[in-house]
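Participant: Below is the file my_file.txt, which contains compact mmCIF, C-alpha atoms.
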# COMPACT_ATOMS: atom_id res chain seq x y z
CA MET A 213 105.33 -89.28 14.46
CA SER A 214 102.53 -86.73 14.26
CA GLN A 215 100.19 -86.24 17.17
CA SER A 216 97.33 -88.74 17.44
CA PRO A 217 93.80 -87.54 16.62
CA PRO A 218 91.64 -86.79 19.68
CA ARG A 219 89.97 -89.69 21.42
CA THR A 220 86.22 -90.19 21.39
CA ALA A 221 84.05 -90.91 24.41
CA ASP A 222 83.78 -94.57 23.42
CA ASP A 223 87.47 -95.28 22.83
CA GLU A 224 88.25 -96.53 26.34
CA THR A 225 85.02 -98.55 26.58
CA ILE A 226 85.72 -100.44 23.38
CA MET A 227 89.41 -100.84 24.17
CA ARG A 228 88.46 -102.51 27.46
CA LEU A 229 86.49 -105.04 25.43
CA ALA A 230 89.54 -105.61 23.22
CA LEU A 231 91.66 -106.21 26.32
CA ARG A 232 89.14 -108.73 27.64
CA LEU A 233 89.29 -110.54 24.32
CA ALA A 234 93.09 -110.61 24.47
CA ARG A 235 93.01 -112.23 27.92
CA ARG A 236 91.06 -115.19 26.54
CA ALA A 237 94.34 -116.54 25.18
CA TYR A 238 96.11 -116.37 28.56
CA GLY A 239 98.94 -118.90 28.59
CA ARG A 240 98.60 -119.91 24.93
CA THR A 241 100.23 -117.30 22.67
CA SER A 242 103.90 -117.41 23.68
CA PRO A 243 106.29 -116.44 22.20
CA ASN A 244 103.74 -113.97 20.83
CA PRO A 245 101.83 -111.41 22.91
CA MET A 246 98.14 -111.56 23.80
CA VAL A 247 96.21 -109.22 21.51
CA GLY A 248 92.53 -108.40 21.10
CA ALA A 249 90.71 -106.41 18.41
CA VAL A 250 87.25 -104.92 17.87
CA LEU A 251 85.77 -103.44 14.67
CA VAL A 252 83.19 -100.66 14.98
CA LYS A 253 81.10 -98.93 12.31
CA ARG A 254 78.48 -96.26 12.93
CA GLY A 255 78.59 -97.01 16.64
CA GLN A 256 77.97 -100.76 16.21
CA ILE A 257 80.43 -103.60 16.81
CA ILE A 258 80.72 -105.55 13.57
CA GLY A 259 83.67 -107.81 14.34
CA GLN A 260 85.77 -109.13 17.22
CA GLY A 261 88.86 -111.26 17.45
CA TRP A 262 91.91 -112.23 19.44
CA HIS A 263 95.21 -113.96 18.76
CA HIS A 264 94.69 -117.58 19.77
CA ARG A 265 98.24 -118.91 19.56
CA ALA A 266 101.54 -118.43 17.75
CA GLY A 267 101.32 -119.21 14.05
CA GLU A 268 97.59 -118.49 13.82
CA PRO A 269 95.98 -115.28 12.52
CA HIS A 270 96.50 -112.11 14.51
CA ALA A 271 93.64 -110.43 16.35
CA GLU A 272 93.09 -107.84 13.61
CA ILE A 273 92.63 -110.54 10.98
CA GLU A 274 90.22 -112.46 13.22
CA ALA A 275 88.08 -109.33 13.66
CA LEU A 276 88.10 -108.52 9.95
CA ARG A 277 87.12 -112.09 9.06
CA GLU A 278 84.26 -112.14 11.53
CA ALA A 279 82.86 -108.91 10.09
CA GLU A 280 83.11 -110.28 6.56
CA GLN A 281 81.44 -113.55 7.57
CA HIS A 282 78.43 -111.51 8.72
CA ASP A 283 78.40 -109.54 5.45
CA HIS A 284 79.38 -106.25 7.07
CA SER A 285 81.00 -103.61 4.90
CA LEU A 286 84.45 -102.81 6.25
CA LYS A 287 84.94 -99.54 4.41
CA GLY A 288 85.02 -96.59 6.79
CA ALA A 289 85.07 -98.74 9.95
CA THR A 290 87.28 -98.15 13.02
CA LEU A 291 89.57 -100.84 14.37
CA TYR A 292 90.46 -101.02 18.08
CA VAL A 293 93.48 -103.18 18.82
CA THR A 294 95.51 -103.62 22.00
CA LEU A 295 98.93 -103.66 20.27
CA GLU A 296 100.39 -101.85 17.28
CA PRO A 297 99.54 -103.78 14.08
CA CYS A 298 102.52 -105.58 12.57
CA CYS A 299 103.94 -104.38 9.27
CA THR A 300 106.50 -107.13 8.69
CA HIS A 301 106.30 -110.67 7.30
CA GLY A 302 106.65 -113.34 9.99
CA ARG A 303 104.65 -116.51 10.47
CA THR A 304 101.70 -114.52 9.10
CA PRO A 305 101.43 -111.63 6.58
CA PRO A 306 101.52 -108.00 7.83
CA CYS A 307 98.27 -106.90 9.46
CA THR A 308 98.77 -103.38 8.09
CA GLU A 309 98.22 -104.69 4.56
CA ALA A 310 94.88 -106.23 5.51
CA ILE A 311 93.80 -103.06 7.32
CA ILE A 312 94.59 -100.86 4.34
CA ARG A 313 92.97 -103.30 1.92
CA ALA A 314 89.79 -103.30 4.00
CA GLY A 315 89.40 -99.54 3.65
CA LEU A 316 89.28 -98.72 7.35
CA LYS A 317 89.24 -95.03 8.21
CA ARG A 318 90.66 -95.12 11.75
CA VAL A 319 92.78 -97.37 13.95
CA VAL A 320 92.84 -96.96 17.74
CA VAL A 321 95.76 -98.66 19.51
CA ALA A 322 96.56 -99.23 23.17
CA ALA A 323 100.30 -99.99 23.18
CA THR A 324 103.17 -99.45 20.76
CA ASP A 325 105.12 -102.53 19.66
CA PRO A 326 107.86 -102.96 22.31
CA ASN A 327 110.28 -104.43 19.77
CA PRO A 328 112.74 -101.56 19.15
CA ASP A 329 113.18 -102.75 15.56
CA HIS A 330 109.47 -102.42 14.82
CA ALA A 331 108.12 -99.77 17.21
CA GLY A 332 106.07 -97.15 15.39
CA ARG A 333 106.58 -98.61 11.92
CA GLY A 334 103.03 -99.93 11.70
CA PHE A 335 101.63 -96.50 12.56
CA LYS A 336 103.67 -94.86 9.81
CA VAL A 337 102.45 -97.37 7.22
CA LEU A 338 98.82 -96.76 8.17
CA LYS A 339 99.17 -92.99 8.18
CA ARG A 340 100.81 -93.00 4.75
CA ALA A 341 97.71 -94.85 3.55
CA GLY A 342 95.50 -92.05 4.86
CA ILE A 343 94.22 -93.89 7.93
CA ALA A 344 93.81 -91.88 11.14
CA VAL A 345 95.73 -93.43 14.04
CA THR A 346 95.09 -92.87 17.75
CA VAL A 347 97.72 -94.30 20.11
CA GLY A 348 97.86 -94.78 23.88
CA VAL A 349 94.27 -95.67 24.84
CA LEU A 350 94.60 -97.78 28.03
CA ALA A 351 98.29 -98.21 27.25
CA GLU A 352 99.24 -99.05 30.84
CA GLU A 353 96.73 -101.91 31.01
CA ALA A 354 97.90 -103.24 27.65
CA LEU A 355 101.56 -103.14 28.67
CA ARG A 356 100.81 -104.90 31.95
CA LEU A 357 98.92 -107.63 30.11
CA ASN A 358 102.04 -108.55 28.12
CA GLU A 359 104.76 -107.68 30.62
CA ALA A 360 106.57 -110.98 30.06
CA PHE A 361 106.59 -110.66 26.27
CA ASN A 362 107.58 -107.00 26.47
CA HIS A 363 110.61 -107.86 28.61
CA TRP A 364 111.65 -110.82 26.48
CA ILE A 365 111.38 -109.06 23.13
CA VAL A 366 113.74 -106.32 24.35
CA HIS A 367 116.20 -108.25 26.54
CA ARG A 368 115.85 -111.78 25.10
CA THR A 369 115.77 -113.28 28.57
CA PRO A 370 112.65 -114.51 30.39
CA PHE A 371 110.54 -112.34 32.65
CA VAL A 372 111.13 -114.01 36.04
CA THR A 373 108.44 -114.40 38.68
CA VAL A 374 109.39 -115.83 42.08
CA LYS A 375 106.48 -117.52 43.82
CA ALA A 376 106.39 -118.88 47.36
CA ALA A 377 103.74 -120.03 49.83
CA MET A 378 104.68 -119.22 53.43
CA THR A 379 103.44 -118.97 56.97
CA LEU A 380 103.24 -115.56 58.63
CA ASP A 381 106.74 -116.07 59.98
CA GLY A 382 108.07 -116.75 56.50
CA LYS A 383 108.48 -120.52 56.68
CA ILE A 384 107.83 -122.81 53.70
CA ALA A 385 107.98 -126.07 55.68
CA THR A 386 108.56 -127.45 59.13
CA ALA A 387 112.02 -128.52 60.27
CA SER A 388 111.03 -132.10 59.38
CA GLY A 389 110.15 -131.05 55.82
CA ASP A 390 106.35 -131.15 56.10
CA SER A 391 104.93 -128.53 53.70
CA LYS A 392 101.54 -129.79 52.46
CA TRP A 393 99.50 -127.76 52.58
CA ILE A 394 100.52 -124.40 53.99
CA THR A 395 97.88 -122.46 52.06
CA GLY A 396 94.27 -123.27 51.22
CA GLU A 397 92.52 -124.22 48.00
CA LYS A 398 91.96 -120.68 46.68
CA ALA A 399 95.60 -119.76 47.12
CA ARG A 400 96.72 -122.98 45.47
CA ALA A 401 94.37 -122.31 42.55
CA ALA A 402 95.93 -118.85 42.13
CA GLY A 403 99.37 -120.44 42.14
CA MET A 404 98.26 -122.89 39.48
CA LYS A 405 97.04 -120.01 37.33
CA LEU A 406 100.55 -118.55 37.50
CA ARG A 407 101.86 -121.82 36.08
CA GLN A 408 99.28 -121.75 33.31
CA GLY A 409 100.53 -118.33 32.22
CA SER A 410 104.21 -119.30 32.25
CA ASP A 411 106.41 -120.94 29.64
CA ALA A 412 108.57 -122.76 32.17
CA ILE A 413 108.76 -123.54 35.86
CA LEU A 414 112.06 -123.82 37.75
CA VAL A 415 112.90 -125.53 41.03
CA GLY A 416 116.05 -126.77 42.71
CA VAL A 417 116.98 -130.40 43.15
CA ASN A 418 116.30 -130.19 46.90
CA THR A 419 112.64 -129.55 46.12
CA VAL A 420 112.58 -132.64 43.92
CA LEU A 421 114.27 -134.73 46.63
CA ALA A 422 111.95 -133.49 49.37
CA ASP A 423 108.57 -133.37 47.60
CA ASP A 424 108.87 -135.27 44.30
CA PRO A 425 106.56 -132.72 42.62
CA ASN A 426 105.09 -133.21 39.15
CA LEU A 427 105.42 -129.50 38.30
CA THR A 428 102.52 -129.46 35.85
CA ALA A 429 99.81 -126.90 35.20
CA ARG A 430 96.89 -129.05 36.28
CA GLY A 431 93.50 -128.18 34.88
CA ARG A 432 94.74 -126.79 31.58
CA ARG A 433 93.58 -128.23 28.28
CA SER A 434 95.74 -130.73 26.49
CA GLU A 435 98.26 -130.09 23.77
CA VAL A 436 95.81 -131.64 21.30
CA ARG A 437 93.38 -128.82 21.99
CA GLY A 438 96.07 -126.25 21.41
CA GLN A 439 97.15 -125.48 24.98
CA LYS A 440 100.87 -125.02 25.21
CA THR A 441 102.80 -127.21 27.63
CA LEU A 442 104.90 -126.17 30.61
CA ARG A 443 108.63 -126.80 30.54
CA ARG A 444 110.20 -128.04 33.77
CA ILE A 445 113.68 -126.80 34.68
CA ILE A 446 115.59 -128.47 37.53
CA LEU A 447 118.74 -126.85 38.91
CA ASP A 448 120.92 -129.79 39.88
CA SER A 449 124.63 -128.97 39.84
CA ARG A 450 125.74 -132.45 40.88
CA GLY A 451 123.16 -134.53 39.01
CA ARG A 452 121.34 -135.85 42.07
CA THR A 453 117.83 -136.00 40.55
CA PRO A 454 116.51 -139.57 41.08
CA LEU A 455 115.70 -141.55 37.96
CA THR A 456 112.45 -142.51 39.69
CA SER A 457 111.32 -138.94 40.32
CA ARG A 458 108.16 -137.76 38.59
CA VAL A 459 109.88 -135.14 36.49
CA VAL A 460 112.10 -137.88 35.03
CA ALA A 461 109.79 -140.88 34.93
CA ASP A 462 106.33 -139.53 34.03
CA GLU A 463 104.73 -139.15 30.60
CA LEU A 464 105.86 -135.51 30.40
CA ALA A 465 109.56 -136.29 30.84
CA CYS A 466 110.25 -134.78 27.42
CA LEU A 467 109.38 -131.39 28.95
CA THR A 468 112.02 -131.71 31.69
CA THR A 469 115.46 -130.13 31.48
CA ILE A 470 117.97 -130.86 34.22
CA VAL A 471 120.72 -128.27 34.46
CA VAL A 472 123.99 -129.64 35.81
CA THR A 473 127.57 -128.42 35.98
CA LYS A 474 130.84 -130.18 35.15
CA VAL A 475 131.07 -131.60 38.67
CA ALA A 476 128.11 -133.91 38.00
CA PRO A 477 129.29 -137.52 37.51
CA ALA A 478 129.37 -138.34 33.79
CA ARG A 479 127.68 -141.71 34.24
CA ARG A 480 124.87 -140.11 36.19
CA VAL A 481 124.40 -137.42 33.58
CA ALA A 482 124.32 -140.01 30.79
CA ARG A 483 121.57 -141.98 32.53
CA LEU A 484 119.48 -138.87 33.03
CA ALA A 485 120.03 -137.81 29.42
CA LYS A 486 118.35 -141.01 28.21
CA ARG A 487 115.06 -139.81 29.72
CA VAL A 488 115.13 -136.02 29.89
CA GLY A 489 117.00 -133.08 28.48
CA VAL A 490 120.28 -132.32 30.21
CA VAL A 491 122.22 -129.07 29.94
CA VAL A 492 125.75 -128.66 31.27
CA ALA A 493 125.99 -125.06 32.44
CA PRO A 494 129.00 -123.07 33.58
CA ALA A 495 129.28 -122.72 37.34
CA ARG A 496 129.42 -119.63 39.49
CA ASP A 497 130.40 -120.06 43.14
CA GLY A 498 129.83 -123.80 42.78
CA ARG A 499 126.29 -123.42 41.43
CA VAL A 500 124.64 -123.08 38.05
CA ASN A 501 125.39 -119.70 36.49
CA LEU A 502 121.88 -118.26 36.44
CA PRO A 503 122.47 -115.29 34.09
CA TRP A 504 123.92 -117.75 31.56
CA LEU A 505 120.90 -120.02 31.98
CA LEU A 506 118.44 -117.16 31.50
CA LYS A 507 120.11 -116.24 28.22
CA GLN A 508 119.86 -119.84 27.10
CA LEU A 509 116.17 -120.05 27.97
CA GLY A 510 115.47 -116.73 26.26
CA ALA A 511 117.11 -118.03 23.09
CA GLU A 512 114.73 -121.00 23.29
CA ASN A 513 111.70 -118.65 23.30
CA VAL A 514 111.00 -118.96 27.02
CA THR A 515 109.42 -115.56 27.61
CA SER A 516 108.21 -116.17 31.18
CA LEU A 517 109.84 -118.22 33.92
CA LEU A 518 108.12 -119.12 37.19
CA VAL A 519 110.56 -119.87 40.00
CA GLU A 520 109.09 -122.11 42.70
CA GLY A 521 112.37 -123.23 44.17
CA GLY A 522 113.08 -123.54 47.86
CA GLY A 523 114.58 -120.76 49.95
CA GLU A 524 118.07 -121.03 48.44
CA ILE A 525 116.85 -120.87 44.84
CA ASN A 526 114.46 -118.04 45.65
CA ALA A 527 117.29 -116.10 47.26
CA SER A 528 119.55 -116.65 44.26
CA PHE A 529 117.01 -115.00 41.97
CA LEU A 530 115.73 -112.32 44.35
CA LEU A 531 119.00 -111.22 45.93
CA GLY A 532 120.88 -111.78 42.69
CA GLY A 533 118.81 -109.15 40.92
CA LEU A 534 117.33 -111.66 38.48
CA ALA A 535 113.65 -111.52 39.47
CA HIS A 536 111.13 -109.05 38.08
CA ARG A 537 108.02 -109.94 40.05
CA GLY A 538 107.29 -111.62 43.35
CA VAL A 539 104.08 -113.45 44.24
CA PHE A 540 104.00 -114.48 47.87
CA PHE A 541 101.13 -116.34 49.52
CA TYR A 542 100.79 -116.01 53.29
CA ALA A 543 98.78 -118.39 55.44
CA PRO A 544 97.57 -117.44 58.94
CA LYS A 545 99.90 -119.97 60.52
CA ILE A 546 103.13 -119.82 62.51
CA ILE A 547 105.68 -122.63 62.47
CA GLY A 548 108.67 -121.16 64.26
CA GLY A 549 111.95 -122.95 64.74
CA ARG A 550 115.37 -121.88 63.54
CA ASP A 551 115.70 -125.06 61.47
CA ALA A 552 112.43 -124.63 59.57
CA PRO A 553 113.33 -123.45 56.04
CA PRO A 554 112.41 -119.87 55.14
CA GLY A 555 110.90 -118.69 51.86
CA VAL A 556 114.05 -116.69 51.13
CA ALA A 557 117.33 -118.04 52.50
CA GLY A 558 120.83 -117.46 51.13
CA LYS A 559 123.39 -115.25 52.83
CA GLY A 560 120.99 -112.34 53.18
CA ILE A 561 122.07 -108.71 53.40
CA SER A 562 124.03 -106.78 55.99
CA HIS A 563 122.29 -103.41 55.78
CA LEU A 564 118.60 -102.60 55.47
CA ALA A 565 119.39 -100.01 52.83
CA ASP A 566 120.52 -102.84 50.56
CA GLY A 567 117.24 -104.74 50.85
CA LEU A 568 115.00 -105.40 47.87
CA THR A 569 112.53 -102.67 47.01
CA LEU A 570 109.04 -103.88 46.16
CA ARG A 571 106.97 -101.65 43.86
CA GLU A 572 103.37 -101.69 42.76
CA VAL A 573 102.48 -103.78 45.78
CA ALA A 574 99.00 -105.31 45.74
CA TRP A 575 97.29 -107.52 48.31
CA LYS A 576 94.41 -109.90 47.64
CA ARG A 577 92.55 -112.08 50.08
CA LEU A 578 92.07 -115.70 49.03
CA GLY A 579 89.93 -117.45 51.63
CA PRO A 580 91.96 -117.45 54.85
CA ASP A 581 95.18 -116.58 53.01
CA TRP A 582 96.66 -113.43 51.51
CA MET A 583 98.48 -113.01 48.19
CA LEU A 584 101.06 -110.26 47.77
CA THR A 585 102.03 -109.33 44.21
CA ALA A 586 104.78 -106.80 43.54
CA ARG A 587 107.35 -105.69 41.02
CA ILE A 588 110.92 -106.09 42.23
CA GLY A 589 113.64 -103.47 41.93
The structure in this file should be written as structure tokens.
Facilitator:
Amino acid sequence: MSQSPPRTADDETIMRLALRLARRAYGRTSPNPMVGAVLVKRGQIIGQGWHHRAGEPHAEIEALREAEQHDHSLKGATLYVTLEPCCTHGRTPPCTEAIIRAGLKRVVVAATDPNPDHAGRGFKVLKRAGIAVTVGVLAEEALRLNEAFNHWIVHRTPFVTVKAAMTLDGKIATASGDSKWITGEKARAAGMKLRQGSDAILVGVNTVLADDPNLTARGRRSEVRGQKTLRRIILDSRGRTPLTSRVVADELACLTTIVVTKVAPARRVARLAKRVGVVVAPARDGRVNLPWLLKQLGAENVTSLLVEGGGEINASFLLGGLAHRGVFFYAPKIIGGRDAPPGVAGKGISHLADGLTLREVAWKRLGPDWMLTARIG
């Protein structure tokens, strides 16, 4: 690919607007990425758009349509878009065709399509049509915005985030099982936002037995209004999930999948299967084979998985090399006690050199609590 034309002084400013537009669809576009677009002509914004949800027009088309609705001439305009325009037929026609047909003179793009089968193809199509293409404006921000999609489209497994709320000594409950509420309202709201941006949430059966959680993304708009729903995944090797538990008995039971192994009693599995989805997974060391499960979820278009399991589940993902991001909330409290469950349990490691490496660590204060966000590995 030939070198991109030089950037102008306004490229980053307008691309930031496009990124803000893309974020408006947070939690609604999967299995597609969030994308925003802005049309500019003679220094004036004439159209804006963003991809609202899978199956609907892409951001570029939304921006072009808005400009046309206001009787703006598209010829000679510049399009700013946060992701490389598509050049293939999918649920919608190729955006490159619409861009060429509109007579645009320049396209400024933040990130290249992460799909190795498509990367760079849209740029080539536009350049062959005589359109100037500038690539890489705020690329890092654009890639971070769609980190889950970018991982899934390449590996076909979900981007895994492990989330836990703990005391300063790393406990997620008292020895008696009391865990509500360790953190305050602002921290809990941040945790709920993580759910809203995820395709599925995963916990272990011990969490269901101890807390009977509903595992929903409270506060989000209904399916009728276009907001996607949150799948609920329960790891339950022996099929111990109560038929009366919320994830089995509530109105969202159709969103629940209980993952068992062959050791689960057949009669128990059959009763659960009448109310929720049940998957019989292969076992590894007596537990659900997590790499196998991640491949299954990826094949079902789960691009992002939020793990809120107890200490054992968290350890399985973290120490098993299956997690990509950690979000840990710390409350200014100390519980103590060797029997109080920790946020990360499991067998642990023998040598410090083998410990997990956290990268891109960021801290944020939320009322009295602190949130640590980091990439893992």
Participant: Could you jot down the CA of Ala399 (chain A) to CA of Asp411 (chain A) separation for me, Å, one decimal place?
Facilitator: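 According to the coordinates, CA of Ala399 (chain A) and CA of Asp411 (chain A) are separated by 20.6 Å.
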Participant: Using all atoms listed in the file, pick whichever of A:Arg228, A:Leu251, A:Leu295, A:Leu447 has the shortest atom-to-atom distance to Glu274 (chain A).
Facilitator: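 Of A:Arg228, A:Leu251, A:Leu295, A:Leu447, the one nearest Glu274 (chain A) is A:Leu251, counting all atoms listed in the file.
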Participant: Out of A:Val320, A:Thr294, A:Leu231, A:Lys336, which residue has the shortest atom-to-atom distance to Val252 (chain A) when counting all atoms listed in the file?
Facilitator: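 Among the listed residues, A:Val320 lies closest to Val252 (chain A).
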Participant: Pick out the residues sitting within 10 Å of Gly288 (chain A), and hand them over as a list in words; count all atoms listed in the file, and ignore anything fewer than 5 positions along from it in its own chain.
Facilitator: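 That gives Val252, Lys253, Arg254, Ala314, Gly315, Leu316, Lys317, Arg318 and Ile343 of chain A.
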Participant: Any chance you can output those residues with C-alpha atoms as a PDB file, in the coordinates of the input?
Facilitator:
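Dumped to result-v5.pdb:
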ATOM      1  CA  VAL A 252      83.190-100.660  14.980  1.00  0.00           C
ATOM      2  CA  LYS A 253      81.100 -98.930  12.310  1.00  0.00           C
ATOM      3  CA  ARG A 254      78.480 -96.260  12.930  1.00  0.00           C
ATOM      4  CA  ALA A 314      89.790-103.300   4.000  1.00  0.00           C
ATOM      5  CA  GLY A 315      89.400 -99.540   3.650  1.00  0.00           C
ATOM      6  CA  LEU A 316      89.280 -98.720   7.350  1.00  0.00           C
ATOM      7  CA  LYS A 317      89.240 -95.030   8.210  1.00  0.00           C
ATOM      8  CA  ARG A 318      90.660 -95.120  11.750  1.00  0.00           C
ATOM      9  CA  ILE A 343      94.220 -93.890   7.930  1.00  0.00           C
TER      10      ILE A 343
END
Participant: Which residues are close to region 514-521 of chain A, i.e. within 8 Å by all atoms listed in the file, leaving aside same-chain residues fewer than 2 positions away? Reply as JSON, numbers by chain.
Facilitator: {"A": [242, 243, 360, 361, 363, 364, 368, 369, 370, 371, 372, 373, 374, 375, 376, 406, 407, 410, 411, 412, 413, 414, 415, 416, 419, 509, 510, 511, 512, 523, 524, 525, 526]}
Participant: Save out the residues we just selected, C-alpha atoms, as an mmCIF file, in the frame of the given file.
Facilitator:
data_model
loop_
_atom_site.group_PDB
_atom_site.id
_atom_site.type_symbol
_atom_site.label_atom_id
_atom_site.label_comp_id
_atom_site.auth_asym_id
_atom_site.auth_seq_id
_atom_site.Cartn_x
_atom_site.Cartn_y
_atom_site.Cartn_z
ATOM 1 C CA SER A 242 103.900 -117.410 23.680
ATOM 2 C CA PRO A 243 106.290 -116.440 22.200
ATOM 3 C CA ALA A 360 106.570 -110.980 30.060
ATOM 4 C CA PHE A 361 106.590 -110.660 26.270
ATOM 5 C CA HIS A 363 110.610 -107.860 28.610
ATOM 6 C CA TRP A 364 111.650 -110.820 26.480
ATOM 7 C CA ARG A 368 115.850 -111.780 25.100
ATOM 8 C CA THR A 369 115.770 -113.280 28.570
ATOM 9 C CA PRO A 370 112.650 -114.510 30.390
ATOM 10 C CA PHE A 371 110.540 -112.340 32.650
ATOM 11 C CA VAL A 372 111.130 -114.010 36.040
ATOM 12 C CA THR A 373 108.440 -114.400 38.680
ATOM 13 C CA VAL A 374 109.390 -115.830 42.080
ATOM 14 C CA LYS A 375 106.480 -117.520 43.820
ATOM 15 C CA ALA A 376 106.390 -118.880 47.360
ATOM 16 C CA LEU A 406 100.550 -118.550 37.500
ATOM 17 C CA ARG A 407 101.860 -121.820 36.080
ATOM 18 C CA SER A 410 104.210 -119.300 32.250
ATOM 19 C CA ASP A 411 106.410 -120.940 29.640
ATOM 20 C CA ALA A 412 108.570 -122.760 32.170
ATOM 21 C CA ILE A 413 108.760 -123.540 35.860
ATOM 22 C CA LEU A 414 112.060 -123.820 37.750
ATOM 23 C CA VAL A 415 112.900 -125.530 41.030
ATOM 24 C CA GLY A 416 116.050 -126.770 42.710
ATOM 25 C CA THR A 419 112.640 -129.550 46.120
ATOM 26 C CA LEU A 509 116.170 -120.050 27.970
ATOM 27 C CA GLY A 510 115.470 -116.730 26.260
ATOM 28 C CA ALA A 511 117.110 -118.030 23.090
ATOM 29 C CA GLU A 512 114.730 -121.000 23.290
ATOM 30 C CA GLY A 523 114.580 -120.760 49.950
ATOM 31 C CA GLU A 524 118.070 -121.030 48.440
ATOM 32 C CA ILE A 525 116.850 -120.870 44.840
ATOM 33 C CA ASN A 526 114.460 -118.040 45.650
#
Participant: In Å, rounded to a single decimal, give me how far CA of Ala344 (chain A) is from CA of Ala234 (chain A).
Facilitator: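 Between CA of Ala234 (chain A) and CA of Ala344 (chain A) the gap works out to 23.0 Å.
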Participant: Counting all atoms listed in the file, which residues in region 378-482 of chain A sit no more than 8 Å from region 560-584 of chain A? For each one, give the nearest pair of atoms and the distance in Å, sorted by chain then residue number, as a Markdown table.
Facilitator:
| residue | atom | partner | partner_atom | distance |
| --- | --- | --- | --- | --- |
| A:Thr395 | CA | A:Asp581 | CA | 6.5 |
| A:Gly396 | CA | A:Asp581 | CA | 7.0 |
| A:Lys398 | CA | A:Leu578 | CA | 5.5 |
| A:Ala399 | CA | A:Leu578 | CA | 5.7 |
Participant: Taking (87.0, -107.8, 18.9) in the file's coordinates as the center, which residues reach within 12 Å of it, counting all atoms listed in the file, put as a PyMOL selection string?
Facilitator: chain A and resi 226-236+247-252+256-263+270-279+290-294
Participant: Measure the distance from CA of Thr468 (chain A) to CA of Arg450 (chain A) in Å and round it to one decimal.
Facilitator: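 We find that CA of Thr468 (chain A) and CA of Arg450 (chain A) lie 16.5 Å from each other.
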Participant: Report, as JSON, the centre and edge lengths in Å (one decimal) of the axis-aligned box enclosing every listed atom of region 251-264 of chain A, padded by 6 Å on each side.
Facilitator:
{"center_x": 86.6, "center_y": -106.9, "center_z": 16.0, "size_x": 29.2, "size_y": 33.3, "size_z": 19.5}
Participant: So that I can see what lies close to Val492 (chain A), please list as a list in words the residues with an atom at most 7 Å from it, counting all atoms listed in the file and leaving out residues fewer than 6 positions away in the same chain.
Facilitator: Val471, Val472, Thr473 and Lys474 of chain A
Participant: Which residue out of A:Arg356, A:Lys383, A:Arg240, A:His367 has the minimum interatomic distance to Gly522 (chain A) when only C-alpha atoms are used?
Facilitator: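 Smallest distance to Gly522 (chain A) is found for A:Lys383.
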